[in-house]
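First comes the structure, then the notes that go with it.
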Amino acid sequence: MDASSPAPQDTALQEIEALRRAYEVSRFVQERSREIRGARATSDVVKAFAEAARELVGSGGTQFYLRGQSGEGMVLHKTTGDTTIRRLGAAPWRPSSELLGWVTKERRTTTVPGENERDWHTLVPLVVAGEVSGVLVLDVPQAAGELAQQTVEALSFLAEEAAAALIAAEERGRLDDELGRIDRERSFLANILDSITNGILVADLDGRILQINRNAAAMLDIQTLDVVGQPFEPLLTEEVRTELRALFDETVQVGFAMERLVTTHLGGTEFPIAVGSSLLRDDALQAFGCILVFRDMTASREMDRLRKLDQMKSDFVANVSHELRTPLTSIKAYCEALAGMERTPQELEFLQVIEEEGDRLIELIEDLLNVSRIQSGTLRLHQELAHPGDLVKEVLALSKTHSDRHTVTSKVDADVPEMMFDWNRMKEILINLISNAMKYSPAGGEISVALSVSEGNLRIAVEDHGIGISAEDQQNLFQQFYRVDGSLTAQVAGTGLGLAIVKGIAEAHGGAITVRSEPGKGSVFTVVLPIRKEPPPDAAPQKSPFS
């Protein structure tokens, strides 16, 4: 045996020592990885990683660089261990931007000499998913100038853990900020509801309370606002429970109920309340809840106040709708922003529910606003020169006008010209008419949209082959909240606002709407608009020449 070769006993001892060292390093890395992953804030992640790296290589100081906010270059975030050098008036060693750039590009741990032969510096990139989020610089003793491969691998592993923890900390911070904004928006919405003089109670279809403001609680003698999720009936006094249950059931079943006068007693004094209701619907026009609105009717016993009730109701709806739309739009925007970030499936599901419920409320609010504008004569049009055929193409491309059971076709005569009209308002007309045709054709079938010119007017005809409408119902069809009664229409969702809005928009254009229908044979709704190449001199709603 060669005298220079180590003895078998020495070789075995070296292997045992190497295994012991590997085991200690492995345990060390595991323990420190848990500490790094458990850190919640960015500063705690940096501290845990820097301390672990220093202990691993026997470092005397560290520098931690994070990627700048602009996304380009590394910016010094924190240093440890160079206080003594500063006190002596010397400048601590700092890596050049070129060196940091090289380490970032190569994405590997690198050891380089310092300003003299006694100083060495190890640069450890923090890499996750192929991206470098930071670089840790370690001041190491001369003996560590050439780090063992095992130490380099341990450093790299801890760096990956730190990079992932940093990203998680940043995401948590952003999520906390976004959720904070959403909470503030919700609080703002609750404050608006509480500032309304009327009482508002929102319940789901099972009668469980979704929202209630202070005035509703006071009018119904409910002692606390902490009742969300509870059925509303057990909270009411016997004298109002029966009336409100009947009003709620009627609204859920037919979509609308006439306003009722309910008398309760507060502090031994008779207190009359007018209760109105409306359904909440989703994008598929399916009801998911009911709004009950309570008005103090103490001063309305006089005849002149009774005559003003409709106007008060219209003003109330308009004011509340305006105030509700802004926070709902903000909530929807924040939900979309959060959904675009990395999320768990459950978080994405929650955000989708919030966004869908916001969309439903926004759609209801827009309908109420349109009715209010039409009632008050303040509906304004923004007319531009466009071709009605292009409008039909856009509407038929929308998901709202698609159905698995229906086929929607269109026909535009060649002589239909460009004309002045409000694109968005006419879009509402077509969507409403096509949606109605689908709802009242539950068995499916063809729905046709035809554009033609007659006597200088544009005629838009939407025809279905559904259940049809009786002559008696046709007389009231365009009234607000009117719903066709009958066994065939009992399951059809709707608030009774759509056709009233269509009529108001058509008349604002100086036109009109008519219906031709026969029970069992379908219906044809025809909108007639005057063809104009120039906008009318008055931008206010026009009196229909067809009325």
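Naming works like this for the structure tokens: A, B, ... for the chains as they're shown, residue 1 at the start of each chain, ligands 1 onward in shown order.
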
Using 12 Å as the limit and counting only C-alpha atoms, can you tabulate each residue of segment 395-489 of chain A that touches segment 362-370 of chain A, with its shortest atom-to-atom distance in Å and the two atoms involved, as a tab-separated table?
residue	atom	partner	partner_atom	distance
A:Arg425	CA	A:Asn370	CA	10.1
A:Glu428	CA	A:Asp367	CA	10.3
A:Asn432	CA	A:Asp367	CA	11.1
A:Gln480	CA	A:Leu368	CA	10.5
A:Phe481	CA	A:Leu368	CA	10.9

**OP:** Give me the residues within 10 Å of Leu430 of chain A as a list of chain:residue names, counting only C-alpha atoms and dropping any in the same chain fewer than 2 places off.
**Re:** A:Leu391, A:Val392, A:Val395, A:Leu396, A:Thr401, A:Arg425, A:Met426, A:Lys427, A:Glu428, A:Asn432, A:Leu433, A:Ile434, A:Ser435, A:Asn436, A:Val449, A:Ile460, A:Ala461, A:Val462, A:Val502, A:Val527

Subject >> Option closest in space to Glu161 of chain A, from A:Val524, A:Leu348, A:Val128, A:Leu138 [counting only C-alpha atoms] >> reply: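 Looking at the shortest contact to Glu161 of chain A, the residue is A:Val128.
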
Long-range neighbours of segment 28-34 of chain A as an mmCIF file with N, CA, C and O atoms, in the first residue's frame, 7 Å cut-off, only C-alpha atoms, 4 positions minimum in chain:
data_model
loop_
_atom_site.group_PDB
_atom_site.id
_atom_site.type_symbol
_atom_site.label_atom_id
_atom_site.label_comp_id
_atom_site.auth_asym_id
_atom_site.auth_seq_id
_atom_site.Cartn_x
_atom_site.Cartn_y
_atom_site.Cartn_z
ATOM 1 N N GLU A 24 -25.903 17.467 10.205
ATOM 2 C CA GLU A 24 -26.067 18.720 10.950
ATOM 3 C C GLU A 24 -26.523 19.852 10.021
ATOM 4 O O GLU A 24 -27.398 20.653 10.375
ATOM 5 N N GLY A 38 -42.110 30.902 8.222
ATOM 6 C CA GLY A 38 -43.037 31.412 9.231
ATOM 7 C C GLY A 38 -43.028 32.922 9.356
ATOM 8 O O GLY A 38 -43.922 33.489 9.996
ATOM 9 N N ALA A 52 -29.479 33.052 9.225
ATOM 10 C CA ALA A 52 -29.194 31.652 8.887
ATOM 11 C C ALA A 52 -27.960 31.559 7.998
ATOM 12 O O ALA A 52 -27.099 30.679 8.195
ATOM 13 N N ALA A 154 -26.790 24.411 0.444
ATOM 14 C CA ALA A 154 -27.645 24.819 1.567
ATOM 15 C C ALA A 154 -28.030 26.292 1.446
ATOM 16 O O ALA A 154 -29.179 26.669 1.686
ATOM 17 N N LEU A 158 -31.845 27.772 1.074
ATOM 18 C CA LEU A 158 -32.398 28.798 1.963
ATOM 19 C C LEU A 158 -32.781 30.047 1.178
ATOM 20 O O LEU A 158 -33.774 30.722 1.490
ATOM 21 N N GLU A 161 -36.140 29.487 -0.375
ATOM 22 C CA GLU A 161 -37.176 29.634 0.647
ATOM 23 C C GLU A 161 -37.429 31.108 0.963
ATOM 24 O O GLU A 161 -38.569 31.550 1.100
#

Subject >> Length of the atom CA of Glu243 of chain A to atom CA of Asn215 of chain A vector [Å] >> reply: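 About the pair atom CA of Glu243 of chain A and atom CA of Asn215 of chain A: they are 18.8 Å apart.
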
Original post:
Quick one: DSSP strand (DSSP E or B) residues in segment 395-497 of chain A, as a list in words?
Top reply: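 Here is the list: His406, Thr407, Val408, Thr409, Ser410, Lys411, Val412, Met419, Met420, Phe421, Gly445, Glu446, Ile447, Ser448, Val449, Ala450, Leu451, Ser452, Val453, Ser454, Asn457, Leu458, Arg459, Ile460, Ala461, Val462, Glu463 and Asp464 of chain A.
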
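Taking atom CA of Ile192 of chain A and atom CA of Val252 of chain A as endpoints, the distance between them is 25.9 Å.
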
Original post:
When distances are computed from only C-alpha atoms, which of A:Glu357, A:Glu342, A:Glu115, A:Glu446 shows the smallest separation from Ile167 of chain A?
Top reply: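 Between A:Glu357, A:Glu342, A:Glu115, A:Glu446, the residue approaching Ile167 of chain A most closely is A:Glu342.
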
Original post:
Counting only C-alpha atoms, which of A:Leu497, A:Val112, A:Ala159, A:Val353 gets nearest to Val132 of chain A?
Top reply: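 Smallest distance to Val132 of chain A is found for A:Ala159.
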
Counting only C-alpha atoms, what is within 8 Å of His387 of chain A, bar same-chain residues fewer than 4 positions away, as a PDB file with N, CA, C and O atoms, in the first residue's frame?
ATOM      1  N   LEU A 391     -75.892  48.083 -34.908  1.00  0.00           N
ATOM      2  CA  LEU A 391     -76.356  47.913 -33.523  1.00  0.00           C
ATOM      3  C   LEU A 391     -76.904  46.505 -33.311  1.00  0.00           C
ATOM      4  O   LEU A 391     -76.618  45.861 -32.298  1.00  0.00           O
ATOM      5  N   VAL A 416     -82.399  50.385 -45.264  1.00  0.00           N
ATOM      6  CA  VAL A 416     -82.261  50.986 -43.931  1.00  0.00           C
ATOM      7  C   VAL A 416     -81.027  51.878 -43.930  1.00  0.00           C
ATOM      8  O   VAL A 416     -79.914  51.402 -44.173  1.00  0.00           O
ATOM      9  N   PRO A 417     -81.199  53.190 -43.639  1.00  0.00           N
ATOM     10  CA  PRO A 417     -80.058  54.115 -43.736  1.00  0.00           C
ATOM     11  C   PRO A 417     -79.394  54.377 -42.390  1.00  0.00           C
ATOM     12  O   PRO A 417     -79.883  53.939 -41.343  1.00  0.00           O
ATOM     13  N   GLU A 418     -78.279  55.090 -42.438  1.00  0.00           N
ATOM     14  CA  GLU A 418     -77.723  55.649 -41.200  1.00  0.00           C
ATOM     15  C   GLU A 418     -78.688  56.699 -40.671  1.00  0.00           C
ATOM     16  O   GLU A 418     -79.356  57.392 -41.433  1.00  0.00           O
ATOM     17  N   MET A 419     -78.721  56.850 -39.342  1.00  0.00           N
ATOM     18  CA  MET A 419     -79.646  57.809 -38.746  1.00  0.00           C
ATOM     19  C   MET A 419     -79.141  58.216 -37.371  1.00  0.00           C
ATOM     20  O   MET A 419     -78.196  57.622 -36.831  1.00  0.00           O
TER      21      MET A 419
END

Subject >> Pick from A:Ala203, A:Ile513, A:Met219, A:Ala129 nearest to Glu160 of chain A, counting only C-alpha atoms >> reply: A:Ala129

**OP:** Tell me, in Å to one decimal, how far atom CA of Glu463 of chain A is from atom CA of Ala450 of chain A.
**Re:**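 Here the two named atoms are 8.4 Å from each other.
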
Subject >> Residues within 7 Å of Ser441 of chain A, only C-alpha atoms, excluding chain neighbours under 2 positions, as a count of residues only >> reply: 8

Cut-off 12 Å: closest segment 217-258 of chain A/segment 271-284 of chain A atom pairs per residue, using only C-alpha atoms, as JSON lines:
{"residue": "A:Ala218", "atom": "CA", "partner": "A:Phe271", "partner_atom": "CA", "distance": 11.2}
{"residue": "A:Met219", "atom": "CA", "partner": "A:Ile273", "partner_atom": "CA", "distance": 7.8}
{"residue": "A:Leu220", "atom": "CA", "partner": "A:Ile273", "partner_atom": "CA", "distance": 9.3}
{"residue": "A:Asp221", "atom": "CA", "partner": "A:Phe271", "partner_atom": "CA", "distance": 10.9}
{"residue": "A:Glu239", "atom": "CA", "partner": "A:Phe271", "partner_atom": "CA", "distance": 11.5}
{"residue": "A:Val240", "atom": "CA", "partner": "A:Ile273", "partner_atom": "CA", "distance": 9.8}
{"residue": "A:Glu243", "atom": "CA", "partner": "A:Val275", "partner_atom": "CA", "distance": 9.5}
{"residue": "A:Leu244", "atom": "CA", "partner": "A:Val275", "partner_atom": "CA", "distance": 8.1}
{"residue": "A:Arg245", "atom": "CA", "partner": "A:Val275", "partner_atom": "CA", "distance": 11.5}
{"residue": "A:Ala246", "atom": "CA", "partner": "A:Ser277", "partner_atom": "CA", "distance": 11.4}
{"residue": "A:Leu247", "atom": "CA", "partner": "A:Ser277", "partner_atom": "CA", "distance": 7.6}
{"residue": "A:Phe248", "atom": "CA", "partner": "A:Ser277", "partner_atom": "CA", "distance": 7.5}
{"residue": "A:Asp249", "atom": "CA", "partner": "A:Ser277", "partner_atom": "CA", "distance": 10.5}
{"residue": "A:Glu250", "atom": "CA", "partner": "A:Ser277", "partner_atom": "CA", "distance": 9.5}
{"residue": "A:Thr251", "atom": "CA", "partner": "A:Ser278", "partner_atom": "CA", "distance": 6.6}
{"residue": "A:Val252", "atom": "CA", "partner": "A:Leu279", "partner_atom": "CA", "distance": 6.8}
{"residue": "A:Gln253", "atom": "CA", "partner": "A:Leu279", "partner_atom": "CA", "distance": 9.8}
{"residue": "A:Val254", "atom": "CA", "partner": "A:Leu279", "partner_atom": "CA", "distance": 9.4}
{"residue": "A:Gly255", "atom": "CA", "partner": "A:Leu279", "partner_atom": "CA", "distance": 6.0}
{"residue": "A:Phe256", "atom": "CA", "partner": "A:Ser278", "partner_atom": "CA", "distance": 5.8}
{"residue": "A:Ala257", "atom": "CA", "partner": "A:Ser277", "partner_atom": "CA", "distance": 6.5}
{"residue": "A:Met258", "atom": "CA", "partner": "A:Gly276", "partner_atom": "CA", "distance": 6.9}

Please produce an output containing N, CA, C and O atoms for each residue in the selection, written as a tab-separated table (two decimals), in the first residue's frame.
chain	number	residue	atom	x	y	z
A	218	ALA	N	-85.36	50.61	13.86
A	218	ALA	CA	-86.15	51.45	14.76
A	218	ALA	C	-87.65	51.32	14.47
A	218	ALA	O	-88.46	51.19	15.39
A	219	MET	N	-88.03	51.34	13.18
A	219	MET	CA	-89.44	51.25	12.81
A	219	MET	C	-90.05	49.90	13.19
A	219	MET	O	-91.24	49.82	13.52
A	220	LEU	N	-89.25	48.85	13.13
A	220	LEU	CA	-89.76	47.50	13.43
A	220	LEU	C	-89.50	47.10	14.87
A	220	LEU	O	-89.79	45.96	15.26
A	221	ASP	N	-88.96	48.03	15.67
A	221	ASP	CA	-88.68	47.78	17.08
A	221	ASP	C	-87.73	46.61	17.27
A	221	ASP	O	-87.88	45.79	18.19
A	239	GLU	N	-98.18	42.24	15.42
A	239	GLU	CA	-99.05	43.11	14.64
A	239	GLU	C	-98.50	43.41	13.25
A	239	GLU	O	-99.27	43.79	12.36
A	240	VAL	N	-97.20	43.26	13.02
A	240	VAL	CA	-96.65	43.52	11.69
A	240	VAL	C	-96.14	42.25	11.01
A	240	VAL	O	-95.92	42.24	9.80
A	243	GLU	N	-98.48	40.84	8.07
A	243	GLU	CA	-98.52	41.71	6.89
A	243	GLU	C	-97.20	41.65	6.11
A	243	GLU	O	-97.20	41.56	4.88
A	244	LEU	N	-96.09	41.70	6.82
A	244	LEU	CA	-94.79	41.69	6.13
A	244	LEU	C	-94.52	40.33	5.49
A	244	LEU	O	-93.94	40.26	4.40
A	245	ARG	N	-94.94	39.25	6.13
A	245	ARG	CA	-94.75	37.94	5.52
A	245	ARG	C	-95.56	37.81	4.24
A	245	ARG	O	-95.09	37.28	3.23
A	246	ALA	N	-96.82	38.32	4.27
A	246	ALA	CA	-97.66	38.27	3.08
A	246	ALA	C	-97.07	39.12	1.96
A	246	ALA	O	-97.06	38.71	0.78
A	247	LEU	N	-96.56	40.31	2.30
A	247	LEU	CA	-95.94	41.18	1.30
A	247	LEU	C	-94.69	40.53	0.71
A	247	LEU	O	-94.47	40.55	-0.51
A	248	PHE	N	-93.88	39.93	1.57
A	248	PHE	CA	-92.64	39.26	1.12
A	248	PHE	C	-92.98	38.10	0.18
A	248	PHE	O	-92.38	37.97	-0.89
A	249	ASP	N	-93.92	37.26	0.56
A	249	ASP	CA	-94.29	36.10	-0.26
A	249	ASP	C	-94.85	36.54	-1.61
A	249	ASP	O	-94.51	35.95	-2.65
A	250	GLU	N	-95.69	37.57	-1.61
A	250	GLU	CA	-96.26	38.05	-2.87
A	250	GLU	C	-95.17	38.59	-3.79
A	250	GLU	O	-95.18	38.35	-5.01
A	251	THR	N	-94.21	39.31	-3.24
A	251	THR	CA	-93.12	39.86	-4.04
A	251	THR	C	-92.27	38.76	-4.65
A	251	THR	O	-91.91	38.80	-5.83
A	252	VAL	N	-91.96	37.74	-3.85
A	252	VAL	CA	-91.14	36.63	-4.34
A	252	VAL	C	-91.86	35.85	-5.43
A	252	VAL	O	-91.27	35.43	-6.42
A	253	GLN	N	-93.17	35.68	-5.28
A	253	GLN	CA	-93.94	34.87	-6.22
A	253	GLN	C	-94.23	35.59	-7.54
A	253	GLN	O	-94.12	34.99	-8.61
A	254	VAL	N	-94.61	36.88	-7.46
A	254	VAL	CA	-95.03	37.58	-8.69
A	254	VAL	C	-94.06	38.67	-9.11
A	254	VAL	O	-94.24	39.28	-10.16
A	255	GLY	N	-93.04	38.94	-8.32
A	255	GLY	CA	-92.05	39.94	-8.71
A	255	GLY	C	-92.30	41.33	-8.18
A	255	GLY	O	-91.42	42.18	-8.21
A	256	PHE	N	-93.52	41.60	-7.71
A	256	PHE	CA	-93.84	42.93	-7.22
A	256	PHE	C	-95.10	42.84	-6.37
A	256	PHE	O	-95.95	41.97	-6.58
A	257	ALA	N	-95.24	43.73	-5.40
A	257	ALA	CA	-96.44	43.79	-4.58
A	257	ALA	C	-96.80	45.25	-4.35
A	257	ALA	O	-95.92	46.11	-4.26
A	258	MET	N	-98.07	45.51	-4.26
A	258	MET	CA	-98.51	46.88	-4.00
A	258	MET	C	-98.06	47.32	-2.61
A	258	MET	O	-98.01	46.53	-1.68

**OP:** Give the answer as one residue: which of A:Tyr482, A:Leu56, A:Thr514, A:Ile182 has the shortest atom-to-atom distance to Glu336 of chain A, using only C-alpha atoms?
**Re:**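 Distance minimum relative to Glu336 of chain A lands on A:Ile182.
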
**OP:** Just list the residues in segment 169-375 of chain A DSSP gives alpha helix (DSSP H) on the backbone, as a PyMOL selection string.
**Re:** chain A and resi 169-195+214-219+238-254+303-307+309-339+345-375

Subject >> Nearby residues (only C-alpha atoms) at most 7 Å from Leu351 of chain A, same-chain spacing under 4 positions excluded, as a list in words >> reply: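 Once the adjacent positions are removed, what remains is Cys335, Ala339, Glu347 and Glu355 of chain A.
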